[in-house]
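Asks: What follows is the file work17.csv, containing CSV, C-alpha atoms:
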```
chain,number,residue,atom,x,y,z
A,1,MET,CA,24.4,-44.4,-31.1
A,2,SER,CA,25.2,-40.6,-31.1
A,3,ALA,CA,28.0,-39.0,-29.1
A,4,ARG,CA,25.5,-37.2,-27.0
A,5,SER,CA,23.6,-40.3,-25.8
A,6,PRO,CA,25.7,-40.7,-22.5
A,7,PHE,CA,25.0,-37.1,-21.6
A,8,ARG,CA,21.2,-37.6,-22.2
A,9,ARG,CA,21.3,-40.7,-20.0
A,10,TRP,CA,22.6,-38.9,-16.9
A,11,ILE,CA,21.2,-35.3,-17.4
A,12,ALA,CA,17.6,-36.3,-16.9
A,13,PRO,CA,18.1,-37.8,-13.4
A,14,VAL,CA,20.3,-34.9,-12.4
A,15,LEU,CA,17.7,-32.4,-13.5
A,16,ALA,CA,14.9,-34.3,-11.7
A,17,LEU,CA,17.0,-34.3,-8.5
A,18,THR,CA,17.7,-30.6,-8.8
A,19,LEU,CA,14.1,-29.7,-9.2
A,20,ALA,CA,13.2,-31.9,-6.2
A,21,CYS,CA,15.8,-30.1,-4.1
A,22,VAL,CA,14.4,-26.7,-5.2
A,23,GLY,CA,10.9,-27.8,-4.3
A,24,ALA,CA,11.9,-29.2,-0.9
A,25,ALA,CA,13.8,-26.0,-0.2
A,26,ALA,CA,10.7,-23.9,-1.0
A,27,GLN,CA,8.6,-26.1,1.2
A,28,ALA,CA,11.1,-25.7,4.0
A,29,GLN,CA,11.0,-21.9,4.0
A,30,PRO,CA,9.4,-20.7,7.2
A,31,TYR,CA,5.8,-19.4,7.0
A,32,PRO,CA,5.1,-16.8,5.7
A,33,ALA,CA,7.3,-17.0,2.6
A,34,LYS,CA,5.1,-14.8,0.4
A,35,PRO,CA,2.5,-12.0,0.7
A,36,ILE,CA,-0.7,-12.8,2.6
A,37,ARG,CA,-4.1,-11.8,1.2
A,38,LEU,CA,-6.5,-10.2,3.7
A,39,VAL,CA,-10.1,-10.3,2.3
A,40,ILE,CA,-12.3,-7.4,3.4
A,41,PRO,CA,-16.0,-8.1,3.1
A,42,PHE,CA,-16.9,-4.5,2.3
A,43,GLY,CA,-15.8,-1.8,-0.1
A,44,ALA,CA,-13.0,0.7,0.3
A,45,GLY,CA,-13.6,3.6,2.6
A,46,GLY,CA,-15.9,2.1,5.2
A,47,ILE,CA,-14.9,1.5,8.8
A,48,THR,CA,-14.2,-2.2,8.3
A,49,ASP,CA,-11.9,-1.3,5.4
A,50,MET,CA,-10.2,1.4,7.5
A,51,ALA,CA,-9.5,-1.0,10.3
A,52,GLY,CA,-8.4,-3.7,8.0
A,53,ARG,CA,-5.9,-1.6,6.2
A,54,LEU,CA,-4.3,-0.2,9.3
A,55,ILE,CA,-4.1,-3.5,11.1
A,56,GLY,CA,-3.1,-5.4,8.0
A,57,GLN,CA,-0.1,-3.1,7.5
A,58,ALA,CA,1.1,-3.6,11.1
A,59,LEU,CA,0.5,-7.3,10.9
A,60,GLY,CA,2.6,-7.5,7.8
A,61,GLU,CA,5.4,-5.6,9.4
A,62,GLU,CA,5.4,-8.1,12.3
A,63,LEU,CA,5.4,-11.0,9.9
A,64,LYS,CA,7.9,-9.4,7.6
A,65,GLN,CA,5.6,-10.0,4.6
A,66,GLN,CA,3.2,-7.8,2.8
A,67,VAL,CA,-0.4,-8.1,3.7
A,68,VAL,CA,-2.4,-7.3,0.5
A,69,ILE,CA,-6.0,-6.0,1.0
A,70,ASP,CA,-8.6,-7.6,-1.2
A,71,ASN,CA,-12.0,-5.9,-1.0
A,72,ARG,CA,-14.9,-8.3,-1.8
A,73,PRO,CA,-18.2,-6.4,-1.1
A,74,GLY,CA,-21.6,-7.9,-1.5
A,75,ALA,CA,-24.3,-9.9,0.2
A,76,GLY,CA,-23.6,-8.6,3.7
A,77,GLY,CA,-20.0,-10.0,3.5
A,78,SER,CA,-21.0,-13.4,2.3
A,79,ILE,CA,-19.1,-13.1,-1.0
A,80,ALA,CA,-15.9,-12.5,0.9
A,81,ALA,CA,-16.5,-15.2,3.5
A,82,GLN,CA,-17.3,-17.8,0.9
A,83,ALA,CA,-14.2,-17.0,-1.1
A,84,VAL,CA,-12.0,-17.5,2.0
A,85,ALA,CA,-13.9,-20.6,3.0
A,86,GLN,CA,-13.0,-22.1,-0.4
A,87,ALA,CA,-9.4,-21.0,-0.4
A,88,GLN,CA,-6.4,-23.2,0.2
A,89,PRO,CA,-5.8,-23.7,3.9
A,90,ASP,CA,-2.1,-22.6,3.6
A,91,GLY,CA,-2.3,-19.4,5.7
A,92,TYR,CA,-2.0,-17.1,2.8
A,93,THR,CA,-5.7,-16.2,2.5
A,94,LEU,CA,-7.4,-14.6,5.5
A,95,LEU,CA,-10.8,-13.0,6.2
A,96,LEU,CA,-11.5,-9.9,8.3
A,97,GLY,CA,-14.7,-11.3,9.7
A,98,THR,CA,-17.6,-9.3,11.0
A,99,VAL,CA,-20.8,-9.8,13.0
A,100,GLY,CA,-22.5,-10.2,9.6
A,101,THR,CA,-20.2,-12.9,8.2
A,102,GLN,CA,-20.0,-14.8,11.4
A,103,VAL,CA,-23.3,-14.3,13.1
A,104,VAL,CA,-26.1,-12.5,11.3
A,105,ASN,CA,-25.9,-13.8,7.7
A,106,LYS,CA,-26.8,-17.4,8.7
A,107,MET,CA,-29.9,-16.0,10.4
A,108,ILE,CA,-31.2,-13.8,7.6
A,109,TYR,CA,-30.1,-15.4,4.3
A,110,ALA,CA,-32.2,-18.3,2.9
A,111,ARG,CA,-29.1,-19.7,1.2
A,112,LEU,CA,-25.5,-19.2,2.4
A,113,GLY,CA,-22.6,-20.5,0.4
A,114,TYR,CA,-20.4,-21.1,3.4
A,115,ASP,CA,-20.5,-22.3,7.0
A,116,PRO,CA,-19.3,-19.6,9.3
A,117,ALA,CA,-18.5,-22.2,12.0
A,118,ALA,CA,-16.1,-24.0,9.6
A,119,LEU,CA,-13.8,-21.0,9.2
A,120,THR,CA,-10.7,-21.3,11.4
A,121,PRO,CA,-10.6,-18.6,14.1
A,122,VAL,CA,-7.4,-16.8,14.7
A,123,SER,CA,-8.4,-14.0,16.9
A,124,LEU,CA,-10.6,-11.1,17.6
A,125,VAL,CA,-9.2,-7.9,16.2
A,126,SER,CA,-11.0,-4.6,16.9
A,127,ASN,CA,-14.4,-3.0,17.6
A,128,SER,CA,-15.7,0.4,16.3
A,129,PRO,CA,-18.6,1.4,18.6
A,130,TYR,CA,-21.5,3.0,16.9
A,131,VAL,CA,-22.9,6.5,17.5
A,132,LEU,CA,-26.6,7.3,17.3
A,133,ALA,CA,-27.4,10.7,15.8
A,134,VAL,CA,-30.5,12.6,14.8
A,135,ALA,CA,-31.3,15.4,12.4
A,136,GLY,CA,-34.3,17.8,12.5
A,137,LEU,CA,-35.4,16.8,16.0
A,138,ASP,CA,-34.7,20.0,17.8
A,139,GLY,CA,-36.1,18.9,21.2
A,140,VAL,CA,-34.4,15.5,21.2
A,141,LYS,CA,-31.1,15.8,23.2
A,142,ASP,CA,-30.6,12.2,24.5
A,143,LEU,CA,-31.7,8.6,24.1
A,144,PRO,CA,-34.6,8.8,26.7
A,145,ALA,CA,-35.9,11.9,24.8
A,146,LEU,CA,-35.8,10.0,21.5
A,147,ALA,CA,-37.6,7.0,23.0
A,148,ALA,CA,-40.2,9.3,24.4
A,149,TYR,CA,-40.7,11.1,21.1
A,150,ALA,CA,-41.0,7.8,19.2
A,151,LYS,CA,-43.6,6.5,21.6
A,152,LYS,CA,-45.6,9.7,21.4
A,153,ASN,CA,-45.4,9.7,17.6
A,154,PRO,CA,-45.4,6.0,16.6
A,155,GLY,CA,-44.5,5.2,13.0
A,156,THR,CA,-43.6,8.8,12.2
A,157,LEU,CA,-39.8,8.6,12.6
A,158,ASN,CA,-37.6,7.0,10.0
A,159,PHE,CA,-34.1,5.6,10.4
A,160,GLY,CA,-31.6,5.0,7.7
A,161,SER,CA,-29.1,2.2,7.4
A,162,ALA,CA,-26.5,0.6,5.1
A,163,GLY,CA,-29.1,-2.0,4.0
A,164,ASN,CA,-31.4,-4.7,5.2
A,165,GLY,CA,-29.6,-6.9,7.8
A,166,SER,CA,-26.6,-4.5,8.1
A,167,SER,CA,-25.1,-3.7,11.5
A,168,PRO,CA,-26.7,-0.2,11.5
A,169,HIS,CA,-30.1,-1.7,10.7
A,170,LEU,CA,-29.9,-4.2,13.5
A,171,GLY,CA,-28.5,-1.6,15.8
A,172,LEU,CA,-31.6,0.5,15.5
A,173,GLU,CA,-33.8,-2.7,15.8
A,174,LEU,CA,-32.0,-3.3,19.1
A,175,PHE,CA,-32.8,0.3,20.2
A,176,LYS,CA,-36.5,-0.3,19.2
A,177,LEU,CA,-36.5,-3.5,21.2
A,178,ALA,CA,-34.9,-1.9,24.2
A,179,THR,CA,-37.3,1.1,24.2
A,180,HIS,CA,-40.5,-0.6,22.8
A,181,SER,CA,-40.6,2.1,20.2
A,182,ASP,CA,-42.0,2.2,16.6
A,183,ILE,CA,-39.5,3.6,14.1
A,184,LEU,CA,-39.6,2.8,10.4
A,185,HIS,CA,-36.5,1.5,8.6
A,186,VAL,CA,-35.3,3.0,5.3
A,187,PRO,CA,-32.5,0.9,3.8
A,188,PHE,CA,-29.8,2.4,1.6
A,189,LYS,CA,-26.7,1.0,-0.2
A,190,SER,CA,-24.2,2.3,2.3
A,191,GLY,CA,-23.8,4.1,5.5
A,192,ALA,CA,-22.7,7.3,3.6
A,193,GLU,CA,-26.0,7.3,1.7
A,194,ALA,CA,-28.0,6.9,5.0
A,195,VAL,CA,-26.1,9.9,6.5
A,196,ASN,CA,-26.8,11.9,3.3
A,197,ALA,CA,-30.5,11.0,3.6
A,198,ALA,CA,-30.5,12.3,7.2
A,199,LEU,CA,-28.9,15.6,6.0
A,200,GLY,CA,-31.5,15.8,3.3
A,201,GLY,CA,-34.5,15.2,5.7
A,202,GLN,CA,-35.5,11.8,4.3
A,203,VAL,CA,-34.7,10.1,7.6
A,204,GLN,CA,-34.3,11.5,11.1
A,205,ILE,CA,-32.1,8.9,12.7
A,206,VAL,CA,-28.8,7.3,11.7
A,207,ILE,CA,-26.3,5.1,13.5
A,208,ASP,CA,-22.8,4.3,12.4
A,209,ALA,CA,-19.2,4.3,13.3
A,210,ILE,CA,-17.6,7.5,14.7
A,211,PRO,CA,-15.7,8.5,11.5
A,212,VAL,CA,-18.9,8.3,9.6
A,213,ILE,CA,-21.0,10.4,12.0
A,214,GLN,CA,-18.5,12.8,13.6
A,215,PRO,CA,-17.7,15.0,10.7
A,216,GLN,CA,-21.3,15.9,10.1
A,217,ALA,CA,-21.9,16.4,13.9
A,218,ARG,CA,-18.9,18.8,14.0
A,219,ALA,CA,-20.5,20.7,11.1
A,220,GLY,CA,-23.7,21.1,13.0
A,221,LYS,CA,-25.7,19.0,10.6
A,222,LEU,CA,-26.2,16.0,12.9
A,223,ARG,CA,-26.7,15.8,16.7
A,224,MET,CA,-24.9,12.8,18.4
A,225,LEU,CA,-27.0,11.5,21.2
A,226,ALA,CA,-24.9,8.6,22.5
A,227,ILE,CA,-22.2,6.1,21.9
A,228,ALA,CA,-23.8,2.7,22.0
A,229,ALA,CA,-21.4,1.2,24.5
A,230,ASP,CA,-20.7,0.7,28.2
A,231,HIS,CA,-17.7,3.0,28.3
A,232,ARG,CA,-16.8,6.3,26.7
A,233,ASN,CA,-14.6,6.5,23.6
A,234,PRO,CA,-11.5,8.8,23.5
A,235,ALA,CA,-12.5,10.0,20.0
A,236,VAL,CA,-15.7,11.5,21.4
A,237,PRO,CA,-14.9,11.8,25.1
A,238,ASP,CA,-17.8,14.1,25.9
A,239,LEU,CA,-20.4,11.9,24.4
A,240,PRO,CA,-22.3,9.9,27.0
A,241,THR,CA,-22.8,6.2,26.6
A,242,SER,CA,-26.0,4.4,26.2
A,243,LYS,CA,-25.4,2.7,29.5
A,244,GLU,CA,-25.0,6.1,31.2
A,245,GLN,CA,-28.4,7.1,29.8
A,246,GLY,CA,-30.1,4.0,31.2
A,247,LEU,CA,-30.0,1.8,28.1
A,248,GLY,CA,-27.2,-0.6,28.9
A,249,GLU,CA,-28.8,-3.2,26.6
A,250,PHE,CA,-28.3,-0.9,23.6
A,251,GLN,CA,-24.7,-1.7,22.6
A,252,ILE,CA,-23.6,-2.1,19.0
A,253,GLY,CA,-20.4,-1.7,17.1
A,254,SER,CA,-18.6,-2.9,14.0
A,255,TRP,CA,-16.3,-5.6,15.4
A,256,ASN,CA,-13.8,-7.7,13.4
A,257,ALA,CA,-12.1,-11.0,13.8
A,258,LEU,CA,-9.2,-12.6,11.9
A,259,LEU,CA,-10.2,-16.0,10.3
A,260,ALA,CA,-8.6,-18.5,8.0
A,261,PRO,CA,-9.9,-21.2,5.7
A,262,PRO,CA,-11.1,-24.5,7.2
A,263,GLY,CA,-8.2,-26.8,7.9
A,264,THR,CA,-5.5,-24.2,8.3
A,265,PRO,CA,-2.6,-25.7,10.3
A,266,SER,CA,-2.5,-24.8,14.0
A,267,ALA,CA,1.1,-23.7,13.8
A,268,GLN,CA,0.3,-21.1,11.2
A,269,VAL,CA,-2.8,-20.0,13.3
A,270,ALA,CA,-0.6,-19.6,16.4
A,271,LEU,CA,2.0,-17.6,14.5
A,272,LEU,CA,-0.7,-15.2,13.1
A,273,ASP,CA,-2.3,-14.8,16.5
A,274,GLU,CA,1.1,-13.9,18.1
A,275,ALA,CA,1.9,-11.5,15.4
A,276,LEU,CA,-1.5,-9.8,15.6
A,277,ALA,CA,-1.2,-9.4,19.4
A,278,ARG,CA,2.2,-7.7,18.9
A,279,ALA,CA,0.8,-5.5,16.1
A,280,LEU,CA,-2.1,-4.3,18.2
A,281,LYS,CA,0.3,-3.1,20.9
A,282,ARG,CA,2.3,-1.0,18.5
A,283,PRO,CA,2.2,2.6,19.9
A,284,ALA,CA,1.7,4.3,16.5
A,285,LEU,CA,-1.2,1.9,15.6
A,286,VAL,CA,-2.8,2.3,19.0
A,287,VAL,CA,-2.8,6.1,18.6
A,288,ARG,CA,-4.1,6.0,15.0
A,289,LEU,CA,-6.9,3.6,15.9
A,290,ALA,CA,-7.9,5.6,18.9
A,291,GLU,CA,-8.2,8.8,16.7
A,292,MET,CA,-10.8,6.9,14.7
A,293,GLY,CA,-12.6,5.5,17.7
A,294,ILE,CA,-11.5,1.9,16.9
A,295,GLU,CA,-10.7,-0.2,20.0
A,296,PRO,CA,-8.4,-3.2,19.9
A,297,LEU,CA,-10.0,-6.4,21.3
A,298,PRO,CA,-8.5,-9.2,23.4
A,299,THR,CA,-6.6,-11.6,21.1
A,300,GLY,CA,-6.8,-15.4,20.8
A,301,ALA,CA,-9.3,-18.0,19.6
A,302,ALA,CA,-10.7,-18.5,23.1
A,303,ALA,CA,-11.6,-14.8,23.4
A,304,TYR,CA,-13.2,-15.0,19.9
A,305,GLY,CA,-15.3,-18.0,20.9
A,306,LYS,CA,-16.6,-16.3,24.0
A,307,HIS,CA,-17.4,-13.1,22.1
A,308,LEU,CA,-19.1,-15.1,19.3
A,309,ARG,CA,-21.4,-16.9,21.8
A,310,ALA,CA,-22.6,-13.7,23.3
A,311,GLU,CA,-23.1,-12.0,20.0
A,312,THR,CA,-25.1,-15.0,18.6
A,313,GLU,CA,-27.4,-14.9,21.6
A,314,LYS,CA,-27.9,-11.2,21.4
A,315,TRP,CA,-28.6,-10.9,17.7
A,316,THR,CA,-30.7,-14.0,17.5
A,317,ARG,CA,-33.2,-12.2,19.7
A,318,VAL,CA,-33.0,-9.0,17.7
A,319,VAL,CA,-33.4,-10.7,14.3
A,320,ARG,CA,-36.4,-12.7,15.5
A,321,ALA,CA,-38.1,-9.7,16.9
A,322,ALA,CA,-37.5,-7.7,13.8
A,323,GLY,CA,-38.4,-10.6,11.4
A,324,THR,CA,-35.4,-9.7,9.2
A,325,LYS,CA,-34.9,-11.8,6.2
A,326,VAL,CA,-32.9,-11.5,2.9
A,327,ASP,CA,-33.8,-13.6,-0.1
```
In C-alpha cells, what does this structure look like?
Replies:
Amino acid sequence: MSARSPFRRWIAPVLALTLACVGAAAQAQPYPAKPIRLVIPFGAGGITDMAGRLIGQALGEELKQQVVIDNRPGAGGSIAAQAVAQAQPDGYTLLLGTVGTQVVNKMIYARLGYDPAALTPVSLVSNSPYVLAVAGLDGVKDLPALAAYAKKNPGTLNFGSAGNGSSPHLGLELFKLATHSDILHVPFKSGAEAVNAALGGQVQIVIDAIPVIQPQARAGKLRMLAIAADHRNPAVPDLPTSKEQGLGEFQIGSWNALLAPPGTPSAQVALLDEALARALKRPALVVRLAEMGIEPLPTGAAAYGKHLRAETEKWTRVVRAAGTKVD
C-alpha cells in the first residue's frame, strides 16, 4: 500500500461533501440569482420590441438582475411562444405575449406548436392603441367619411398590414365589420412596409401604433383620422377617438402580457408580478412610455384573465367574419 492511500480514502468523501454544500448554497440563493431572458415575438424596432425593452430594463432594475431581450420573430409570434412553452419552468425564461400569441394564432393557424392556455400568466403589461391613417384621399377627414367613401366605392380601397392575421390586418377587418364596408387587404412583411406602400400609393389605408404612423403624419404624408380607442392618448392629444366618432366598437391596439412556461412556481410568479407593478410606476418609465403612446395596463393574473376573455370573444367574431386562415 502506498503512502498516499490514506489521503485518497478520505479526500473523495470530503470533495463530495464540498460539492454538495456548494450545490445546496446555489439552490438556496433567492430568486432571481442570474439574468432573466425575455422573449419578444417580433423583430427589433417594432412597437412590441420597443415596449419590451423599456419595461424589461425597469423590471430588471426592480429585480436587481439583468433582463436580456431575445427577439424570436416568425409565424405571428408562435415561434417565440413555443420556445417559452418548452423552456424550463424556473422563472428565467419569460414571454412578452401578444393578442397573436395568446388569442388569434390558435384561431388562424392549422397547426400550433404550443397551447396558449398552458403558459403561466404573470400579468398584463401595456397597450399601444392603434391609429388609422389614410393617404391620397383628400376628402376623407374622419372615420364616418372613410366609411361613406368605402360604401360608395366598394372594393376600390386597399389597406396595408403587417401580414395576414396580424393585429393591423384584424384591426381593419374590425373596421369593415363595424361599418359594413368593402375594403381589400394587401399584406406586407411588416408595418413599416405597409406604411411605405401607403406613401407610394399602393394602398390608401394603414393602421398601426402611434410611433409607426405619427412621423409620416407630421411630415404631411399621411392623415391620421382617429385613434382606435375609447379615450384620447397624450402622444396625440388632438386626435379624436373612434368612440368620439360614433364607432366605439372599433378599438384595437398592440397589447402585451408577461407569461412564463407551464409549471412555473407560484412564488416566482408573485415576485415577478410585484416587481412589474413597481416598474410600471417608475416616473421615468411612465414618461417615456407616454411619449410613445404606450399605456401601462392593470397588473396581476386576474386582470389578465378578464382581459383575455374579452379579447377572445371580440377576435373570434372578427376572424370568423373575415375567414382568416394561415396554413
Asks: Tell me, in Å to one decimal, how far CA of Ile79 in chain A is from CA of Leu95 in chain A.
Replies: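 Separating CA of Ile79 in chain A from CA of Leu95 in chain A is a distance of 11.0 Å.
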Asks: In terms of the shortest atom-to-atom distance over all atoms listed in the file, which of A:Gln57, A:Asn153, A:Gln214, A:Ser266 is closest to Leu285 in chain A?
Replies: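 Closest to Leu285 in chain A, using all atoms listed in the file: A:Gln57.
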Asks: Identify, on the basis of all atoms listed in the file, every residue whose closest approach to Asp238 in chain A does not exceed 10 Å; exclude the query and any residue fewer than 5 positions from it along the same chain; express the result as a list in words.
Replies: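 That gives Ala226, Ile227, Arg232 and Asn233 of chain A.
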Asks: Could you take the residues named above and write them with C-alpha atoms, as an mmCIF file, in the coordinates of the input?
Replies:
```
data_model
loop_
_atom_site.group_PDB
_atom_site.id
_atom_site.type_symbol
_atom_site.label_atom_id
_atom_site.label_comp_id
_atom_site.auth_asym_id
_atom_site.auth_seq_id
_atom_site.Cartn_x
_atom_site.Cartn_y
_atom_site.Cartn_z
ATOM 1 C CA ALA A 226 -24.900 8.600 22.500
ATOM 2 C CA ILE A 227 -22.200 6.100 21.900
ATOM 3 C CA ARG A 232 -16.800 6.300 26.700
ATOM 4 C CA ASN A 233 -14.600 6.500 23.600
#
```
Asks: Take CA of Ala275 in chain A and CA of Gln88 in chain A and report the distance between them in Å, one decimal.
Replies: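 So the two atoms, CA of Ala275 in chain A and CA of Gln88 in chain A, lie 20.9 Å apart.
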Asks: Can you list, as a ChimeraX atom specification, every protein, DNA or RNA residue that comes within 12 Å of range 188-204 of chain A when you count all atoms listed in the file, leaving out same-chain residues fewer than 6 positions away?
Replies: /A:42-48,73-76,130-138,140,146,149-150,156-169,210-217,219-224
Asks: What does the file look like for those residues with C-alpha atoms, as a PDB file, in the coordinates of the input?
Replies:
```
ATOM      1  CA  PHE A  42     -16.900  -4.500   2.300  1.00  0.00           C
ATOM      2  CA  GLY A  43     -15.800  -1.800  -0.100  1.00  0.00           C
ATOM      3  CA  ALA A  44     -13.000   0.700   0.300  1.00  0.00           C
ATOM      4  CA  GLY A  45     -13.600   3.600   2.600  1.00  0.00           C
ATOM      5  CA  GLY A  46     -15.900   2.100   5.200  1.00  0.00           C
ATOM      6  CA  ILE A  47     -14.900   1.500   8.800  1.00  0.00           C
ATOM      7  CA  THR A  48     -14.200  -2.200   8.300  1.00  0.00           C
ATOM      8  CA  PRO A  73     -18.200  -6.400  -1.100  1.00  0.00           C
ATOM      9  CA  GLY A  74     -21.600  -7.900  -1.500  1.00  0.00           C
ATOM     10  CA  ALA A  75     -24.300  -9.900   0.200  1.00  0.00           C
ATOM     11  CA  GLY A  76     -23.600  -8.600   3.700  1.00  0.00           C
ATOM     12  CA  TYR A 130     -21.500   3.000  16.900  1.00  0.00           C
ATOM     13  CA  VAL A 131     -22.900   6.500  17.500  1.00  0.00           C
ATOM     14  CA  LEU A 132     -26.600   7.300  17.300  1.00  0.00           C
ATOM     15  CA  ALA A 133     -27.400  10.700  15.800  1.00  0.00           C
ATOM     16  CA  VAL A 134     -30.500  12.600  14.800  1.00  0.00           C
ATOM     17  CA  ALA A 135     -31.300  15.400  12.400  1.00  0.00           C
ATOM     18  CA  GLY A 136     -34.300  17.800  12.500  1.00  0.00           C
ATOM     19  CA  LEU A 137     -35.400  16.800  16.000  1.00  0.00           C
ATOM     20  CA  ASP A 138     -34.700  20.000  17.800  1.00  0.00           C
ATOM     21  CA  VAL A 140     -34.400  15.500  21.200  1.00  0.00           C
ATOM     22  CA  LEU A 146     -35.800  10.000  21.500  1.00  0.00           C
ATOM     23  CA  TYR A 149     -40.700  11.100  21.100  1.00  0.00           C
ATOM     24  CA  ALA A 150     -41.000   7.800  19.200  1.00  0.00           C
ATOM     25  CA  THR A 156     -43.600   8.800  12.200  1.00  0.00           C
ATOM     26  CA  LEU A 157     -39.800   8.600  12.600  1.00  0.00           C
ATOM     27  CA  ASN A 158     -37.600   7.000  10.000  1.00  0.00           C
ATOM     28  CA  PHE A 159     -34.100   5.600  10.400  1.00  0.00           C
ATOM     29  CA  GLY A 160     -31.600   5.000   7.700  1.00  0.00           C
ATOM     30  CA  SER A 161     -29.100   2.200   7.400  1.00  0.00           C
ATOM     31  CA  ALA A 162     -26.500   0.600   5.100  1.00  0.00           C
ATOM     32  CA  GLY A 163     -29.100  -2.000   4.000  1.00  0.00           C
ATOM     33  CA  ASN A 164     -31.400  -4.700   5.200  1.00  0.00           C
ATOM     34  CA  GLY A 165     -29.600  -6.900   7.800  1.00  0.00           C
ATOM     35  CA  SER A 166     -26.600  -4.500   8.100  1.00  0.00           C
ATOM     36  CA  SER A 167     -25.100  -3.700  11.500  1.00  0.00           C
ATOM     37  CA  PRO A 168     -26.700  -0.200  11.500  1.00  0.00           C
ATOM     38  CA  HIS A 169     -30.100  -1.700  10.700  1.00  0.00           C
ATOM     39  CA  ILE A 210     -17.600   7.500  14.700  1.00  0.00           C
ATOM     40  CA  PRO A 211     -15.700   8.500  11.500  1.00  0.00           C
ATOM     41  CA  VAL A 212     -18.900   8.300   9.600  1.00  0.00           C
ATOM     42  CA  ILE A 213     -21.000  10.400  12.000  1.00  0.00           C
ATOM     43  CA  GLN A 214     -18.500  12.800  13.600  1.00  0.00           C
ATOM     44  CA  PRO A 215     -17.700  15.000  10.700  1.00  0.00           C
ATOM     45  CA  GLN A 216     -21.300  15.900  10.100  1.00  0.00           C
ATOM     46  CA  ALA A 217     -21.900  16.400  13.900  1.00  0.00           C
ATOM     47  CA  ALA A 219     -20.500  20.700  11.100  1.00  0.00           C
ATOM     48  CA  GLY A 220     -23.700  21.100  13.000  1.00  0.00           C
ATOM     49  CA  LYS A 221     -25.700  19.000  10.600  1.00  0.00           C
ATOM     50  CA  LEU A 222     -26.200  16.000  12.900  1.00  0.00           C
ATOM     51  CA  ARG A 223     -26.700  15.800  16.700  1.00  0.00           C
ATOM     52  CA  MET A 224     -24.900  12.800  18.400  1.00  0.00           C
TER      53      MET A 224
END
```
Asks: Give me, as a list in words, all polymer residues having an atom no more than 12 Å from Val286 in chain A, counting all atoms listed in the file and skipping those fewer than 4 positions away in the same chain.
Replies: Ala51, Leu54, Ile55, Ala58, Ser126, Pro234, Ala277, Arg278, Ala279, Leu280, Lys281, Arg282, Ala290, Glu291, Met292, Gly293, Ile294, Glu295, Pro296 and Leu297 of chain A
Asks: Could you turn the residues from that selection into a file that holds C-alpha atoms, as a short mmCIF file (atom, residue, chain, number, x, y, z; two decimals), keeping the file's coordinate frame?
Replies:
```cif
data_model
loop_
_atom_site.label_atom_id
_atom_site.label_comp_id
_atom_site.auth_asym_id
_atom_site.auth_seq_id
_atom_site.Cartn_x
_atom_site.Cartn_y
_atom_site.Cartn_z
CA ALA A 51 -9.50 -1.00 10.30
CA LEU A 54 -4.30 -0.20 9.30
CA ILE A 55 -4.10 -3.50 11.10
CA ALA A 58 1.10 -3.60 11.10
CA SER A 126 -11.00 -4.60 16.90
CA PRO A 234 -11.50 8.80 23.50
CA ALA A 277 -1.20 -9.40 19.40
CA ARG A 278 2.20 -7.70 18.90
CA ALA A 279 0.80 -5.50 16.10
CA LEU A 280 -2.10 -4.30 18.20
CA LYS A 281 0.30 -3.10 20.90
CA ARG A 282 2.30 -1.00 18.50
CA ALA A 290 -7.90 5.60 18.90
CA GLU A 291 -8.20 8.80 16.70
CA MET A 292 -10.80 6.90 14.70
CA GLY A 293 -12.60 5.50 17.70
CA ILE A 294 -11.50 1.90 16.90
CA GLU A 295 -10.70 -0.20 20.00
CA PRO A 296 -8.40 -3.20 19.90
CA LEU A 297 -10.00 -6.40 21.30
#
```
Asks: Name the closest residue to Ala148 in chain A among the candidates A:Gln102, A:Val122, A:Thr179, A:Leu184; distances are taken between atoms, counting all atoms listed in the file.
Replies: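 When distances to Ala148 in chain A are compared using all atoms listed in the file, the smallest one comes from A:Thr179.
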Asks: Measuring between only C-alpha atoms, which one of A:Val39, A:Val67, A:Ile183, A:Ala85 shows the shortest distance to Gly263 in chain A?
Replies: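 Distance minimum relative to Gly263 in chain A lands on A:Ala85.
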Asks: Give me the residues within 10 Å of Ala87 in chain A as a PDB file with C-alpha atoms, in the frame of the given file, counting only C-alpha atoms and dropping any in the same chain fewer than 5 places off.
Replies:
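Result saved to around27.pdb:
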```pdb
ATOM      1  CA  ALA A  81     -16.500 -15.200   3.500  1.00  0.00           C
ATOM      2  CA  GLN A  82     -17.300 -17.800   0.900  1.00  0.00           C
ATOM      3  CA  TYR A  92      -2.000 -17.100   2.800  1.00  0.00           C
ATOM      4  CA  THR A  93      -5.700 -16.200   2.500  1.00  0.00           C
ATOM      5  CA  LEU A  94      -7.400 -14.600   5.500  1.00  0.00           C
ATOM      6  CA  ALA A 260      -8.600 -18.500   8.000  1.00  0.00           C
ATOM      7  CA  PRO A 261      -9.900 -21.200   5.700  1.00  0.00           C
ATOM      8  CA  PRO A 262     -11.100 -24.500   7.200  1.00  0.00           C
TER       9      PRO A 262
END
```
Asks: To one decimal in Å, tell me the separation between CA of Phe250 in chain A and CA of Glu173 in chain A.
Replies: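 For CA of Phe250 in chain A relative to CA of Glu173 in chain A, the distance reads 9.7 Å.
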Asks: Find, counting only C-alpha atoms, the residue in A:Leu96, A:Val287, A:Ala80, A:Leu272 that gets nearest to Val125 in chain A.
Replies: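 Looking at the shortest contact to Val125 in chain A, the residue is A:Leu96.
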